[in-house]
file model_37.pdb (PDB, C-alpha atoms, pLDDT in the B column)
ATOM      1  CA  MET A 139      70.844  34.148  14.852  1.00 47.00           C
ATOM      2  CA  GLU A 140      67.058  33.947  14.253  1.00 55.00           C
ATOM      3  CA  LYS A 141      65.194  30.630  14.133  1.00 56.00           C
ATOM      4  CA  THR A 142      62.766  30.190  11.252  1.00 61.00           C
ATOM      5  CA  ALA A 143      59.745  27.916  10.946  1.00 60.00           C
ATOM      6  CA  ALA A 144      61.762  25.466   8.810  1.00 65.00           C
ATOM      7  CA  ALA A 145      64.328  24.845  11.578  1.00 71.00           C
ATOM      8  CA  PRO A 146      62.099  22.590  13.769  1.00 73.00           C
ATOM      9  CA  ALA A 147      61.121  20.508  10.731  1.00 73.00           C
ATOM     10  CA  ALA A 148      64.773  20.059   9.744  1.00 75.00           C
ATOM     11  CA  ASN A 149      65.605  19.148  13.348  1.00 79.00           C
ATOM     12  CA  ILE A 150      62.925  16.400  13.314  1.00 78.00           C
ATOM     13  CA  VAL A 151      64.281  14.990  10.050  1.00 79.00           C
ATOM     14  CA  VAL A 152      67.779  14.750  11.518  1.00 82.00           C
ATOM     15  CA  GLU A 153      66.772  13.479  14.971  1.00 86.00           C
ATOM     16  CA  ALA A 154      64.437  10.671  13.808  1.00 84.00           C
ATOM     17  CA  PRO A 155      67.180   8.532  12.151  1.00 84.00           C
ATOM     18  CA  LYS A 156      69.498   9.103  15.151  1.00 88.00           C
ATOM     19  CA  GLN A 157      66.800   7.861  17.554  1.00 89.00           C
ATOM     20  CA  LEU A 158      66.101   4.863  15.313  1.00 87.00           C
ATOM     21  CA  ALA A 159      69.799   3.916  15.315  1.00 87.00           C
ATOM     22  CA  LYS A 160      69.938   4.171  19.131  1.00 89.00           C
ATOM     23  CA  ASP A 161      66.817   2.012  19.530  1.00 88.00           C
ATOM     24  CA  ALA A 162      68.147  -0.607  17.096  1.00 85.00           C
ATOM     25  CA  GLU A 163      71.488  -0.781  18.966  1.00 85.00           C
ATOM     26  CA  TRP A 164      69.663  -1.163  22.321  1.00 86.00           C
ATOM     27  CA  LEU A 165      67.480  -3.976  20.878  1.00 83.00           C
ATOM     28  CA  LEU A 166      70.484  -5.880  19.531  1.00 79.00           C
ATOM     29  CA  ARG A 167      72.305  -5.654  22.876  1.00 81.00           C
ATOM     30  CA  ARG A 168      69.229  -6.781  24.794  1.00 82.00           C
ATOM     31  CA  CYS A 169      68.241  -9.771  22.587  1.00 78.00           C
ATOM     32  CA  THR A 170      69.760 -13.170  23.192  1.00 78.00           C
ATOM     33  CA  LYS A 171      69.546 -16.419  21.317  1.00 77.00           C
ATOM     34  CA  PRO A 172      67.080 -18.959  22.720  1.00 77.00           C
ATOM     35  CA  SER A 173      68.559 -22.028  24.357  1.00 82.00           C
ATOM     36  CA  GLN A 174      68.149 -25.416  22.740  1.00 83.00           C
ATOM     37  CA  LYS A 175      65.254 -26.252  25.062  1.00 86.00           C
ATOM     38  CA  GLU A 176      63.419 -22.984  24.226  1.00 86.00           C
ATOM     39  CA  TYR A 177      64.117 -23.500  20.522  1.00 85.00           C
ATOM     40  CA  LEU A 178      62.596 -27.016  20.578  1.00 88.00           C
ATOM     41  CA  LYS A 179      59.482 -25.668  22.326  1.00 90.00           C
ATOM     42  CA  ILE A 180      59.075 -23.001  19.629  1.00 90.00           C
ATOM     43  CA  VAL A 181      59.540 -25.573  16.844  1.00 90.00           C
ATOM     44  CA  GLN A 182      56.988 -27.936  18.431  1.00 92.00           C
ATOM     45  CA  ALA A 183      54.442 -25.115  18.811  1.00 93.00           C
ATOM     46  CA  VAL A 184      54.879 -24.045  15.185  1.00 92.00           C
ATOM     47  CA  LEU A 185      54.653 -27.652  13.954  1.00 93.00           C
ATOM     48  CA  MET A 186      51.524 -28.267  16.014  1.00 94.00           C
ATOM     49  CA  GLY A 187      49.971 -25.083  14.591  1.00 92.00           C
ATOM     50  CA  PHE A 188      50.697 -26.199  11.036  1.00 92.00           C
ATOM     51  CA  LEU A 189      49.227 -29.666  11.684  1.00 93.00           C
ATOM     52  CA  VAL A 190      46.064 -28.309  13.282  1.00 93.00           C
ATOM     53  CA  MET A 191      45.499 -25.753  10.520  1.00 92.00           C
ATOM     54  CA  GLY A 192      46.221 -28.401   7.867  1.00 90.00           C
ATOM     55  CA  PHE A 193      43.633 -30.785   9.309  1.00 89.00           C
ATOM     56  CA  VAL A 194      41.082 -28.001   9.695  1.00 89.00           C
ATOM     57  CA  GLY A 195      41.597 -26.985   6.059  1.00 87.00           C
ATOM     58  CA  TYR A 196      41.460 -30.581   4.841  1.00 86.00           C
ATOM     59  CA  PHE A 197      38.235 -31.413   6.674  1.00 82.00           C
ATOM     60  CA  THR A 198      36.661 -28.120   5.643  1.00 81.00           C
ATOM     61  CA  LYS A 199      37.422 -28.960   2.028  1.00 78.00           C
ATOM     62  CA  LEU A 200      36.004 -32.491   2.443  1.00 76.00           C
ATOM     63  CA  ILE A 201      32.744 -31.064   3.730  1.00 74.00           C
ATOM     64  CA  HIS A 202      32.651 -28.040   1.441  1.00 69.00           C
ATOM     65  CA  ILE A 203      32.982 -29.835  -1.922  1.00 69.00           C
ATOM     66  CA  PRO A 204      30.009 -32.221  -1.515  1.00 67.00           C
ATOM     67  CA  ILE A 205      27.803 -29.407  -0.177  1.00 64.00           C
ATOM     68  CA  ASN A 206      28.674 -27.257  -3.182  1.00 60.00           C
ATOM     69  CA  ASN A 207      27.735 -30.092  -5.519  1.00 63.00           C
ATOM     70  CA  ILE A 208      24.451 -30.612  -3.698  1.00 64.00           C
ATOM     71  CA  ILE A 209      23.634 -26.899  -3.812  1.00 64.00           C
ATOM     72  CA  GLY A 210      24.526 -26.635  -7.480  1.00 60.00           C
ATOM     73  CA  GLY A 211      28.250 -26.639  -8.123  1.00 57.00           C
ATOM     74  CA  ARG A 212      29.817 -25.036 -11.168  1.00 61.00           C
ATOM     75  CA  ALA A 213      26.743 -25.177 -13.404  1.00 61.00           C
ATOM     76  CA  PHE A 214      24.678 -23.446 -10.720  1.00 60.00           C
ATOM     77  CA  LYS A 215      27.187 -20.616 -10.346  1.00 60.00           C
ATOM     78  CA  ARG A 216      27.579 -19.987 -14.073  1.00 63.00           C
ATOM     79  CA  GLY A 217      23.904 -20.208 -14.881  1.00 60.00           C
ATOM     80  CA  LYS A 218      22.297 -23.222 -16.407  1.00 56.00           C
ATOM     81  CA  SER A 219      22.730 -23.702 -20.113  1.00 56.00           C
ATOM     82  CA  ASP A 220      19.595 -25.819 -20.378  1.00 52.00           C
ATOM     83  CA  THR A 221      17.764 -24.603 -23.488  1.00 54.00           C
ATOM     84  CA  SER A 222      14.733 -26.875 -23.198  1.00 50.00           C
ATOM     85  CA  GLY A 223      12.790 -24.386 -21.085  1.00 46.00           C
ATOM     86  CA  GLN A 224      14.086 -21.359 -22.939  1.00 54.00           C
ATOM     87  CA  ASP A 225      11.616 -18.498 -23.146  1.00 59.00           C
ATOM     88  CA  LYS A 226      10.456 -17.534 -26.599  1.00 72.00           C
ATOM     89  CA  ARG A 227      11.835 -14.179 -27.607  1.00 77.00           C
ATOM     90  CA  GLU A 228      10.095 -11.698 -29.799  1.00 78.00           C
ATOM     91  CA  LEU A 229      10.872 -11.963 -33.493  1.00 78.00           C
ATOM     92  CA  VAL A 230      13.000  -9.055 -34.720  1.00 80.00           C
ATOM     93  CA  PHE A 231      12.136  -7.760 -38.185  1.00 79.00           C
ATOM     94  CA  LYS A 232      14.425  -5.744 -40.421  1.00 80.00           C
ATOM     95  CA  GLU A 233      14.324  -1.964 -40.433  1.00 81.00           C
ATOM     96  CA  ASP A 234      15.791   0.534 -42.866  1.00 85.00           C
ATOM     97  CA  LEU A 235      19.508  -0.062 -43.557  1.00 84.00           C
ATOM     98  CA  GLN A 236      19.100  -3.667 -42.356  1.00 88.00           C
ATOM     99  CA  GLU A 237      18.875  -6.831 -44.406  1.00 89.00           C
ATOM    100  CA  TYR A 238      18.400 -10.574 -43.928  1.00 90.00           C
ATOM    101  CA  ALA A 239      21.396 -12.731 -44.840  1.00 93.00           C
ATOM    102  CA  GLN A 240      22.796 -16.254 -44.667  1.00 92.00           C
ATOM    103  CA  VAL A 241      26.351 -17.072 -43.560  1.00 93.00           C
ATOM    104  CA  THR A 242      28.289 -18.601 -46.471  1.00 93.00           C
ATOM    105  CA  LYS A 243      31.796 -18.643 -45.018  1.00 91.00           C
ATOM    106  CA  VAL A 244      33.318 -18.290 -41.550  1.00 89.00           C
ATOM    107  CA  LEU A 245      36.522 -16.238 -41.823  1.00 89.00           C
ATOM    108  CA  GLY A 246      37.565 -16.005 -38.182  1.00 83.00           C
ATOM    109  CA  ASN A 247      38.163 -13.078 -35.846  1.00 85.00           C
ATOM    110  CA  GLY A 248      34.438 -12.350 -35.730  1.00 85.00           C
ATOM    111  CA  ARG A 249      34.142 -12.007 -39.496  1.00 90.00           C
ATOM    112  CA  MET A 250      31.806 -13.893 -41.815  1.00 90.00           C
ATOM    113  CA  GLU A 251      31.007 -13.827 -45.489  1.00 93.00           C
ATOM    114  CA  VAL A 252      27.239 -13.402 -45.797  1.00 93.00           C
ATOM    115  CA  GLN A 253      24.850 -13.652 -48.759  1.00 92.00           C
ATOM    116  CA  CYS A 254      22.323 -10.821 -48.396  1.00 90.00           C
ATOM    117  CA  PHE A 255      18.725 -11.287 -49.541  1.00 87.00           C
ATOM    118  CA  ASP A 256      18.388  -7.788 -50.961  1.00 82.00           C
ATOM    119  CA  LYS A 257      17.676  -6.695 -54.551  1.00 79.00           C
ATOM    120  CA  GLU A 258      21.264  -7.280 -55.710  1.00 81.00           C
ATOM    121  CA  ASN A 259      21.682 -10.608 -53.790  1.00 83.00           C
ATOM    122  CA  LYS A 260      25.127  -9.318 -52.847  1.00 86.00           C
ATOM    123  CA  LYS A 261      27.906 -11.055 -50.874  1.00 90.00           C
ATOM    124  CA  ARG A 262      29.281  -8.883 -48.084  1.00 91.00           C
ATOM    125  CA  LEU A 263      31.862  -9.150 -45.317  1.00 90.00           C
ATOM    126  CA  GLY A 264      29.904  -9.342 -42.050  1.00 91.00           C
ATOM    127  CA  HIS A 265      31.425  -8.385 -38.713  1.00 90.00           C
ATOM    128  CA  ILE A 266      29.896  -9.700 -35.453  1.00 89.00           C
ATOM    129  CA  ARG A 267      29.039  -6.770 -33.219  1.00 84.00           C
ATOM    130  CA  GLY A 268      30.718  -6.547 -29.809  1.00 81.00           C
ATOM    131  CA  ALA A 269      27.677  -7.429 -27.668  1.00 80.00           C
ATOM    132  CA  MET A 270      27.267 -10.729 -29.543  1.00 81.00           C
ATOM    133  CA  ARG A 271      30.920 -11.796 -29.395  1.00 81.00           C
ATOM    134  CA  LYS A 272      31.520 -14.900 -27.242  1.00 79.00           C
ATOM    135  CA  LYS A 273      27.829 -14.964 -26.304  1.00 83.00           C
ATOM    136  CA  VAL A 274      26.130 -15.941 -29.559  1.00 84.00           C
ATOM    137  CA  TRP A 275      27.869 -18.527 -31.725  1.00 83.00           C
ATOM    138  CA  ILE A 276      27.219 -18.146 -35.435  1.00 87.00           C
ATOM    139  CA  ASN A 277      27.898 -21.105 -37.739  1.00 86.00           C
ATOM    140  CA  LEU A 278      27.930 -21.747 -41.459  1.00 90.00           C
ATOM    141  CA  GLY A 279      24.421 -21.619 -42.934  1.00 89.00           C
ATOM    142  CA  ASP A 280      22.853 -19.615 -40.084  1.00 89.00           C
ATOM    143  CA  TYR A 281      20.359 -16.887 -40.922  1.00 92.00           C
ATOM    144  CA  VAL A 282      21.256 -13.475 -39.521  1.00 92.00           C
ATOM    145  CA  LEU A 283      20.080  -9.881 -39.562  1.00 91.00           C
ATOM    146  CA  VAL A 284      22.774  -7.504 -40.777  1.00 92.00           C
ATOM    147  CA  SER A 285      23.047  -3.760 -40.503  1.00 88.00           C
ATOM    148  CA  LEU A 286      24.318  -2.208 -43.720  1.00 88.00           C
ATOM    149  CA  ARG A 287      26.905   0.541 -43.691  1.00 87.00           C
ATOM    150  CA  GLU A 288      26.177   3.731 -45.579  1.00 86.00           C
ATOM    151  CA  PHE A 289      29.838   4.437 -46.219  1.00 88.00           C
ATOM    152  CA  GLN A 290      31.016   0.873 -47.083  1.00 84.00           C
ATOM    153  CA  ASP A 291      28.763  -1.152 -49.370  1.00 85.00           C
ATOM    154  CA  GLN A 292      30.919  -4.322 -49.189  1.00 88.00           C
ATOM    155  CA  LYS A 293      30.820  -4.537 -45.365  1.00 90.00           C
ATOM    156  CA  CYS A 294      28.039  -4.988 -42.822  1.00 91.00           C
ATOM    157  CA  ASP A 295      27.545  -5.689 -39.115  1.00 90.00           C
ATOM    158  CA  ILE A 296      25.792  -8.829 -37.846  1.00 92.00           C
ATOM    159  CA  VAL A 297      23.270  -7.667 -35.232  1.00 91.00           C
ATOM    160  CA  GLN A 298      20.976 -10.693 -34.732  1.00 89.00           C
ATOM    161  CA  LYS A 299      21.084 -14.467 -35.211  1.00 89.00           C
ATOM    162  CA  TYR A 300      17.858 -16.292 -35.945  1.00 88.00           C
ATOM    163  CA  SER A 301      17.165 -19.802 -34.663  1.00 82.00           C
ATOM    164  CA  ASP A 302      15.824 -22.537 -36.930  1.00 78.00           C
ATOM    165  CA  GLU A 303      12.246 -21.966 -35.730  1.00 79.00           C
ATOM    166  CA  GLU A 304      12.410 -18.232 -36.388  1.00 72.00           C
TER     167      GLU A 304
END
call {"tool": "encode", "arguments": {"input": "model_37.pdb", "output": "structure tokens"}}
result
Amino acid sequence: MEKTAAAPAANIVVEAPKQLAKDAEWLLRRCTKPSQKEYLKIVQAVLMGFLVMGFVGYFTKLIHIPINNIIGGRAFKRGKSDTSGQDKRELVFKEDLQEYAQVTKVLGNGRMEVQCFDKENKKRLGHIRGAMRKKVWINLGDYVLVSLREFQDQKCDIVQKYSDEE
């Protein structure tokens, strides 16, 4: 009978579980339960480890929290929301297929009813564009720049919010 190249691979697949079973049986025969004295030593060592690590963690936290607040804390990490020193941005003027509008009704889900200042003075459904969502809050009465849609005259996209000074 001729041996093929697949025979050694099949032999390894069969022999590996047999060897594992033999090793597991040898380990179970060799292992013994610790005596009560050994068990108490193990428990004391584990308990001492937990206590030491608990105290280290507790004292690290005591030191870490005040240092974080001195360095800056949560407001420092998120970026300051102080608008007093806000840089003046360049005023954005309307281009073709854009119009100035005022928000007349907040509908929710990023939608607003806006009164456009075009020739028809038309009311349209404005949709806040994705880059402005959750970053720029638009309220009732705010002045905005909207981008008109060629294919839907009743809808538009809000692309810019103007501040009171602008």
call {"tool": "closest_residue", "arguments": {"input": "model_37.pdb", "among": "A:Phe231, A:Tyr300, A:Phe193, A:Phe255", "to": "A:Asn277", "atoms": "all atoms listed in the file"}}
result
A:Tyr300
call {"tool": "residues_around", "arguments": {"input": "model_37.pdb", "residues": "A:Glu304", "least_positions_apart": "4", "cutoff": "12 Å", "atoms": "all atoms listed in the file", "output": "list in words"}}
result
Lys226, Arg227, Glu228, Leu229, Val230, Phe231, Asp280, Tyr281, Val282, Leu283, Gln298, Lys299 and Tyr300 of chain A
call {"tool": "atom_distance", "arguments": {"input": "model_37.pdb", "atom1": "atom CA of A:Phe197", "atom2": "atom CA of A:Ile180"}}
result
25.9 Å
call {"tool": "residues_around", "arguments": {"input": "model_37.pdb", "residues": "A:Gln290", "least_positions_apart": "4", "cutoff": "12 Å", "atoms": "only C-alpha atoms", "output": "PyMOL selection string"}}
result
chain A and resi 262-264+285-286+294-295
call {"tool": "resolve_selection", "arguments": {"input": "model_37.pdb", "expression": "the PyMOL selection byres ((chain A and resi 260) around 12)", "output": "PDB file with C-alpha atoms, in the frame of the given file"}}
result
ATOM      1  CA  GLU A 237      18.875  -6.831 -44.406  1.00 89.00           C
ATOM      2  CA  TYR A 238      18.400 -10.574 -43.928  1.00 90.00           C
ATOM      3  CA  ALA A 239      21.396 -12.731 -44.840  1.00 93.00           C
ATOM      4  CA  GLN A 240      22.796 -16.254 -44.667  1.00 92.00           C
ATOM      5  CA  THR A 242      28.289 -18.601 -46.471  1.00 93.00           C
ATOM      6  CA  GLU A 251      31.007 -13.827 -45.489  1.00 93.00           C
ATOM      7  CA  VAL A 252      27.239 -13.402 -45.797  1.00 93.00           C
ATOM      8  CA  GLN A 253      24.850 -13.652 -48.759  1.00 92.00           C
ATOM      9  CA  CYS A 254      22.323 -10.821 -48.396  1.00 90.00           C
ATOM     10  CA  PHE A 255      18.725 -11.287 -49.541  1.00 87.00           C
ATOM     11  CA  ASP A 256      18.388  -7.788 -50.961  1.00 82.00           C
ATOM     12  CA  LYS A 257      17.676  -6.695 -54.551  1.00 79.00           C
ATOM     13  CA  GLU A 258      21.264  -7.280 -55.710  1.00 81.00           C
ATOM     14  CA  ASN A 259      21.682 -10.608 -53.790  1.00 83.00           C
ATOM     15  CA  LYS A 261      27.906 -11.055 -50.874  1.00 90.00           C
ATOM     16  CA  ARG A 262      29.281  -8.883 -48.084  1.00 91.00           C
ATOM     17  CA  LEU A 263      31.862  -9.150 -45.317  1.00 90.00           C
ATOM     18  CA  GLY A 264      29.904  -9.342 -42.050  1.00 91.00           C
ATOM     19  CA  LEU A 286      24.318  -2.208 -43.720  1.00 88.00           C
ATOM     20  CA  ASP A 291      28.763  -1.152 -49.370  1.00 85.00           C
ATOM     21  CA  GLN A 292      30.919  -4.322 -49.189  1.00 88.00           C
ATOM     22  CA  LYS A 293      30.820  -4.537 -45.365  1.00 90.00           C
ATOM     23  CA  CYS A 294      28.039  -4.988 -42.822  1.00 91.00           C
TER      24      CYS A 294
END
call {"tool": "atom_distance", "arguments": {"input": "model_37.pdb", "atom1": "atom CA of A:Arg249", "atom2": "atom CA of A:Arg271"}}
result
10.6 Å
call {"tool": "axis_aligned_box", "arguments": {"input": "model_37.pdb", "around": "stretch 147-163 of chain A", "padding_each_side": "3 Å", "output": "AutoDock Vina command-line options"}}
result
--center_x 66.3 --center_y 9.9 --center_z 14.6 --size_x 16.4 --size_y 27.3 --size_z 15.8
call {"tool": "closest_residue", "arguments": {"input": "model_37.pdb", "among": "A:Ala147, A:Ile276, A:Leu185, A:Leu245", "to": "A:Ile296", "atoms": "only C-alpha atoms"}}
result
A:Ile276
call {"tool": "atom_distance", "arguments": {"input": "model_37.pdb", "atom1": "atom CA of A:Glu176", "atom2": "atom CA of A:Ala162"}}
result
24.0 Å
